[in-house]
Each structure stands twice: as C-alpha cells, then as structure tokens.
file structure18.pdb (PDB, C-alpha atoms, pLDDT in the B column)
ATOM      1  CA  MET A1051      32.349 -38.694  39.302  1.00 74.00           C
ATOM      2  CA  ARG A1052      30.409 -41.551  37.665  1.00 75.00           C
ATOM      3  CA  ALA A1053      27.126 -39.924  38.636  1.00 70.00           C
ATOM      4  CA  VAL A1054      28.153 -36.657  36.986  1.00 60.00           C
ATOM      5  CA  ILE A1055      29.173 -38.439  33.776  1.00 66.00           C
ATOM      6  CA  ALA A1056      25.960 -40.471  33.739  1.00 59.00           C
ATOM      7  CA  THR A1057      23.918 -37.295  34.269  1.00 59.00           C
ATOM      8  CA  LEU A1058      25.745 -35.512  31.436  1.00 47.00           C
ATOM      9  CA  ILE A1059      25.237 -38.445  29.073  1.00 58.00           C
ATOM     10  CA  ALA A1060      21.555 -38.612  29.974  1.00 54.00           C
ATOM     11  CA  ALA A1061      21.208 -34.851  29.464  1.00 49.00           C
ATOM     12  CA  LEU A1062      22.825 -35.127  26.048  1.00 46.00           C
ATOM     13  CA  LEU A1063      20.665 -38.073  24.972  1.00 45.00           C
ATOM     14  CA  LEU A1064      17.375 -36.643  26.269  1.00 42.00           C
ATOM     15  CA  PRO A1065      16.749 -34.282  23.324  1.00 42.00           C
ATOM     16  CA  VAL A1066      17.458 -37.110  20.880  1.00 39.00           C
ATOM     17  CA  SER A1067      14.976 -39.431  22.579  1.00 39.00           C
ATOM     18  CA  ALA A1068      12.320 -36.706  22.624  1.00 39.00           C
ATOM     19  CA  TYR A1069      11.860 -36.965  18.869  1.00 39.00           C
ATOM     20  CA  ALA A1070       9.313 -39.225  17.204  1.00 41.00           C
ATOM     21  CA  GLY A1071      10.705 -42.341  15.606  1.00 44.00           C
ATOM     22  CA  ASP A1072       8.994 -41.974  12.236  1.00 45.00           C
ATOM     23  CA  GLY A1073      11.832 -40.007  10.669  1.00 47.00           C
ATOM     24  CA  ASP A1074      10.192 -36.606  10.389  1.00 49.00           C
ATOM     25  CA  LEU A1075      12.056 -35.192  13.421  1.00 47.00           C
ATOM     26  CA  GLN A1076       9.039 -33.645  15.118  1.00 48.00           C
ATOM     27  CA  PRO A1077       9.220 -33.461  18.890  1.00 48.00           C
ATOM     28  CA  VAL A1078       7.017 -35.948  20.723  1.00 46.00           C
ATOM     29  CA  ALA A1079       5.277 -33.063  22.452  1.00 48.00           C
ATOM     30  CA  ALA A1080       4.173 -31.787  19.048  1.00 49.00           C
ATOM     31  CA  THR A1081       2.876 -35.197  17.917  1.00 50.00           C
ATOM     32  CA  ALA A1082       1.273 -36.370  21.171  1.00 52.00           C
ATOM     33  CA  PRO A1083      -2.287 -35.159  21.673  1.00 55.00           C
ATOM     34  CA  ASN A1084      -2.938 -32.727  24.478  1.00 54.00           C
ATOM     35  CA  ARG A1085      -5.575 -34.189  26.810  1.00 57.00           C
ATOM     36  CA  ILE A1086      -7.400 -30.901  27.287  1.00 62.00           C
ATOM     37  CA  VAL A1087      -7.522 -30.162  23.568  1.00 57.00           C
ATOM     38  CA  THR A1088      -8.531 -33.741  22.777  1.00 75.00           C
ATOM     39  CA  GLY A1089     -11.318 -33.579  25.353  1.00 80.00           C
ATOM     40  CA  MET A1090     -12.542 -30.281  23.952  1.00 85.00           C
ATOM     41  CA  VAL A1091     -12.417 -31.619  20.406  1.00 85.00           C
ATOM     42  CA  ALA A1092     -14.253 -34.798  21.395  1.00 84.00           C
ATOM     43  CA  THR A1093     -16.897 -32.791  23.247  1.00 88.00           C
ATOM     44  CA  PHE A1094     -17.337 -30.490  20.248  1.00 90.00           C
ATOM     45  CA  ASP A1095     -17.661 -33.555  18.049  1.00 89.00           C
ATOM     46  CA  VAL A1096     -20.289 -35.225  20.262  1.00 90.00           C
ATOM     47  CA  VAL A1097     -22.309 -32.127  21.123  1.00 92.00           C
ATOM     48  CA  ILE A1098     -22.207 -30.199  17.827  1.00 92.00           C
ATOM     49  CA  LEU A1099     -20.916 -32.205  14.870  1.00 93.00           C
ATOM     50  CA  ARG A1100     -22.605 -35.595  15.377  1.00 93.00           C
ATOM     51  CA  PRO A1101     -26.131 -34.143  15.826  1.00 95.00           C
ATOM     52  CA  LEU A1102     -25.491 -31.864  12.853  1.00 95.00           C
ATOM     53  CA  GLY A1103     -24.373 -34.939  10.938  1.00 94.00           C
ATOM     54  CA  LEU A1104     -27.674 -36.655  11.773  1.00 95.00           C
ATOM     55  CA  VAL A1105     -29.522 -33.671  10.294  1.00 96.00           C
ATOM     56  CA  VAL A1106     -27.307 -33.836   7.190  1.00 95.00           C
ATOM     57  CA  MET A1107     -28.088 -37.563   6.939  1.00 95.00           C
ATOM     58  CA  ALA A1108     -31.833 -36.915   7.034  1.00 95.00           C
ATOM     59  CA  VAL A1109     -31.627 -34.116   4.469  1.00 96.00           C
ATOM     60  CA  GLY A1110     -29.347 -36.225   2.285  1.00 96.00           C
ATOM     61  CA  ALA A1111     -31.724 -39.180   2.415  1.00 95.00           C
ATOM     62  CA  ALA A1112     -34.600 -36.898   1.382  1.00 96.00           C
ATOM     63  CA  ALA A1113     -32.494 -35.329  -1.385  1.00 95.00           C
ATOM     64  CA  PHE A1114     -31.384 -38.734  -2.640  1.00 95.00           C
ATOM     65  CA  VAL A1115     -34.833 -39.580  -4.013  1.00 94.00           C
ATOM     66  CA  PRO A1116     -34.966 -36.724  -6.554  1.00 95.00           C
ATOM     67  CA  ALA A1117     -31.237 -37.118  -7.216  1.00 94.00           C
ATOM     68  CA  ALA A1118     -31.795 -40.784  -8.057  1.00 92.00           C
ATOM     69  CA  PHE A1119     -34.481 -39.811 -10.570  1.00 92.00           C
ATOM     70  CA  LEU A1120     -32.206 -37.195 -12.120  1.00 93.00           C
ATOM     71  CA  THR A1121     -29.253 -39.565 -12.388  1.00 92.00           C
ATOM     72  CA  ALA A1122     -31.274 -42.591 -13.517  1.00 91.00           C
ATOM     73  CA  PRO A1123     -30.676 -41.885 -17.237  1.00 91.00           C
ATOM     74  CA  MET A1124     -26.952 -42.438 -16.564  1.00 90.00           C
ATOM     75  CA  GLY A1125     -27.727 -45.943 -15.350  1.00 91.00           C
ATOM     76  CA  MET A1126     -26.800 -47.621 -12.105  1.00 93.00           C
ATOM     77  CA  GLU A1127     -23.467 -45.800 -11.934  1.00 93.00           C
ATOM     78  CA  GLY A1128     -25.255 -42.462 -11.582  1.00 92.00           C
ATOM     79  CA  ILE A1129     -27.529 -43.822  -8.870  1.00 93.00           C
ATOM     80  CA  ARG A1130     -24.501 -45.281  -7.042  1.00 94.00           C
ATOM     81  CA  ASN A1131     -22.741 -41.919  -7.202  1.00 93.00           C
ATOM     82  CA  ALA A1132     -25.821 -40.122  -5.859  1.00 94.00           C
ATOM     83  CA  SER A1133     -26.108 -42.734  -3.123  1.00 94.00           C
ATOM     84  CA  GLU A1134     -22.466 -42.233  -2.185  1.00 95.00           C
ATOM     85  CA  VAL A1135     -22.802 -38.447  -1.969  1.00 94.00           C
ATOM     86  CA  PHE A1136     -26.201 -38.158  -0.299  1.00 95.00           C
ATOM     87  CA  VAL A1137     -26.421 -41.271   1.905  1.00 94.00           C
ATOM     88  CA  LYS A1138     -23.201 -43.245   2.393  1.00 95.00           C
ATOM     89  CA  GLU A1139     -20.733 -40.426   3.068  1.00 95.00           C
ATOM     90  CA  PRO A1140     -22.880 -38.644   5.702  1.00 94.00           C
ATOM     91  CA  THR A1141     -23.554 -42.020   7.344  1.00 94.00           C
ATOM     92  CA  LYS A1142     -19.812 -42.746   7.522  1.00 94.00           C
ATOM     93  CA  GLN A1143     -19.173 -39.296   8.996  1.00 92.00           C
ATOM     94  CA  VAL A1144     -21.696 -39.857  11.783  1.00 92.00           C
ATOM     95  CA  PHE A1145     -21.282 -43.534  12.649  1.00 92.00           C
ATOM     96  CA  GLN A1146     -17.855 -44.732  11.448  1.00 92.00           C
ATOM     97  CA  ARG A1147     -15.573 -41.709  11.799  1.00 88.00           C
ATOM     98  CA  PRO A1148     -13.374 -41.872  14.920  1.00 87.00           C
ATOM     99  CA  LEU A1149     -14.327 -39.451  17.668  1.00 83.00           C
ATOM    100  CA  GLY A1150     -12.560 -36.119  17.240  1.00 80.00           C
ATOM    101  CA  ASP A1151     -11.173 -36.951  13.787  1.00 79.00           C
ATOM    102  CA  PHE A1152     -12.426 -34.370  11.297  1.00 75.00           C
TER     103      PHE A1152
END

call {"tool": "encode", "arguments": {"input": "structure18.pdb", "output": "structure tokens"}}
result
Amino acid sequence: MRAVIATLIAALLLPVSAYAGDGDLQPVAATAPNRIVTGMVATFDVVILRPLGLVVMAVGAAAFVPAAFLTAPMGMEGIRNASEVFVKEPTKQVFQRPLGDF
C-alpha cells in the first residue's frame, strides 16, 4: 500500500518538476537543447557561417578605408562608428560569438 501511495505521489509531482525553475513555466524539454539539433547547428556554424564571416571581415576591412575617409569630417566619432560597423562587429561574430549562437 505504501508503494502505491509513493508511486501516485511521484506521478503527481513529476509534471511539476518537469518545468523550468525560472518562472516562465516552459517544460524542460522545450528549454533543453536537443543534441542532434545542437550538433547540426554547430556544424553549420563551423562549416558555413565562420568561413563566411572571415570573408565578411576581409571585405569589411577593405571597405573601412574609404569609409574612414568619408566619415573623417565628422571627427573621431565617425571613424569609431565606421570601425565598429566594418571591423569590430564582424570580428566579434567570427572569434568571440559562442558556437551555434546566432
């Protein structure tokens, strides 16, 4: 009889414990990453997006030179903005962004 009661209590508490603890009441299965999907996303990131990001970095570095000349009349703030757009942001996307995080 105790085993039946313990099983019923566990069965009743199981759905409650399957929710994430951050208050948004999403099931853990919905918040936990799927290994197959994560592996596919990481592979896509390494094989396609990172090399493409290197190309964007090279093009951005080449485009920064004329952009710096065009923004120079605005002072150093314009050059900093051009640097952020053409050089720093693509560099962050390739080298600092976590794998699989778009």

call {"tool": "residues_around", "arguments": {"input": "structure18.pdb", "residues": "range 1111-1113 of chain A", "least_positions_apart": "5", "cutoff": "9 Å", "atoms": "all atoms listed in the file", "output": "PyMOL selection string"}}
result
chain A and resi 1106+1118+1133+1136-1137

call {"tool": "closest_residue", "arguments": {"input": "structure18.pdb", "among": "A:Ala1053, A:Ala1132, A:Val1144, A:Met1090", "to": "Leu1102 in chain A", "atoms": "only C-alpha atoms"}}
result
A:Val1144

call {"tool": "resolve_selection", "arguments": {"input": "structure18.pdb", "expression": "the PyMOL selection byres ((chain A and resi 1143) around 12)", "output": "PyMOL selection string"}}
result
chain A and resi 1095+1099-1107+1135-1142+1144-1152

call {"tool": "atom_distance", "arguments": {"input": "structure18.pdb", "atom1": "CA of Ala1122 in chain A", "atom2": "CA of Val1109 in chain A"}}
result
19.9 Å

call {"tool": "atom_distance", "arguments": {"input": "structure18.pdb", "atom1": "CA of Ala1108 in chain A", "atom2": "CA of Glu1134 in chain A"}}
result
14.2 Å

call {"tool": "atom_distance", "arguments": {"input": "structure18.pdb", "atom1": "CA of Ala1117 in chain A", "atom2": "CA of Ile1098 in chain A"}}
result
27.5 Å

call {"tool": "axis_aligned_box", "arguments": {"input": "structure18.pdb", "around": "range 1120-1135 of chain A", "padding_each_side": "3 Å", "output": "AutoDock Vina command-line options"}}
result
--center_x -27.3 --center_y -42.4 --center_z -9.6 --size_x 15.7 --size_y 16.4 --size_z 21.3
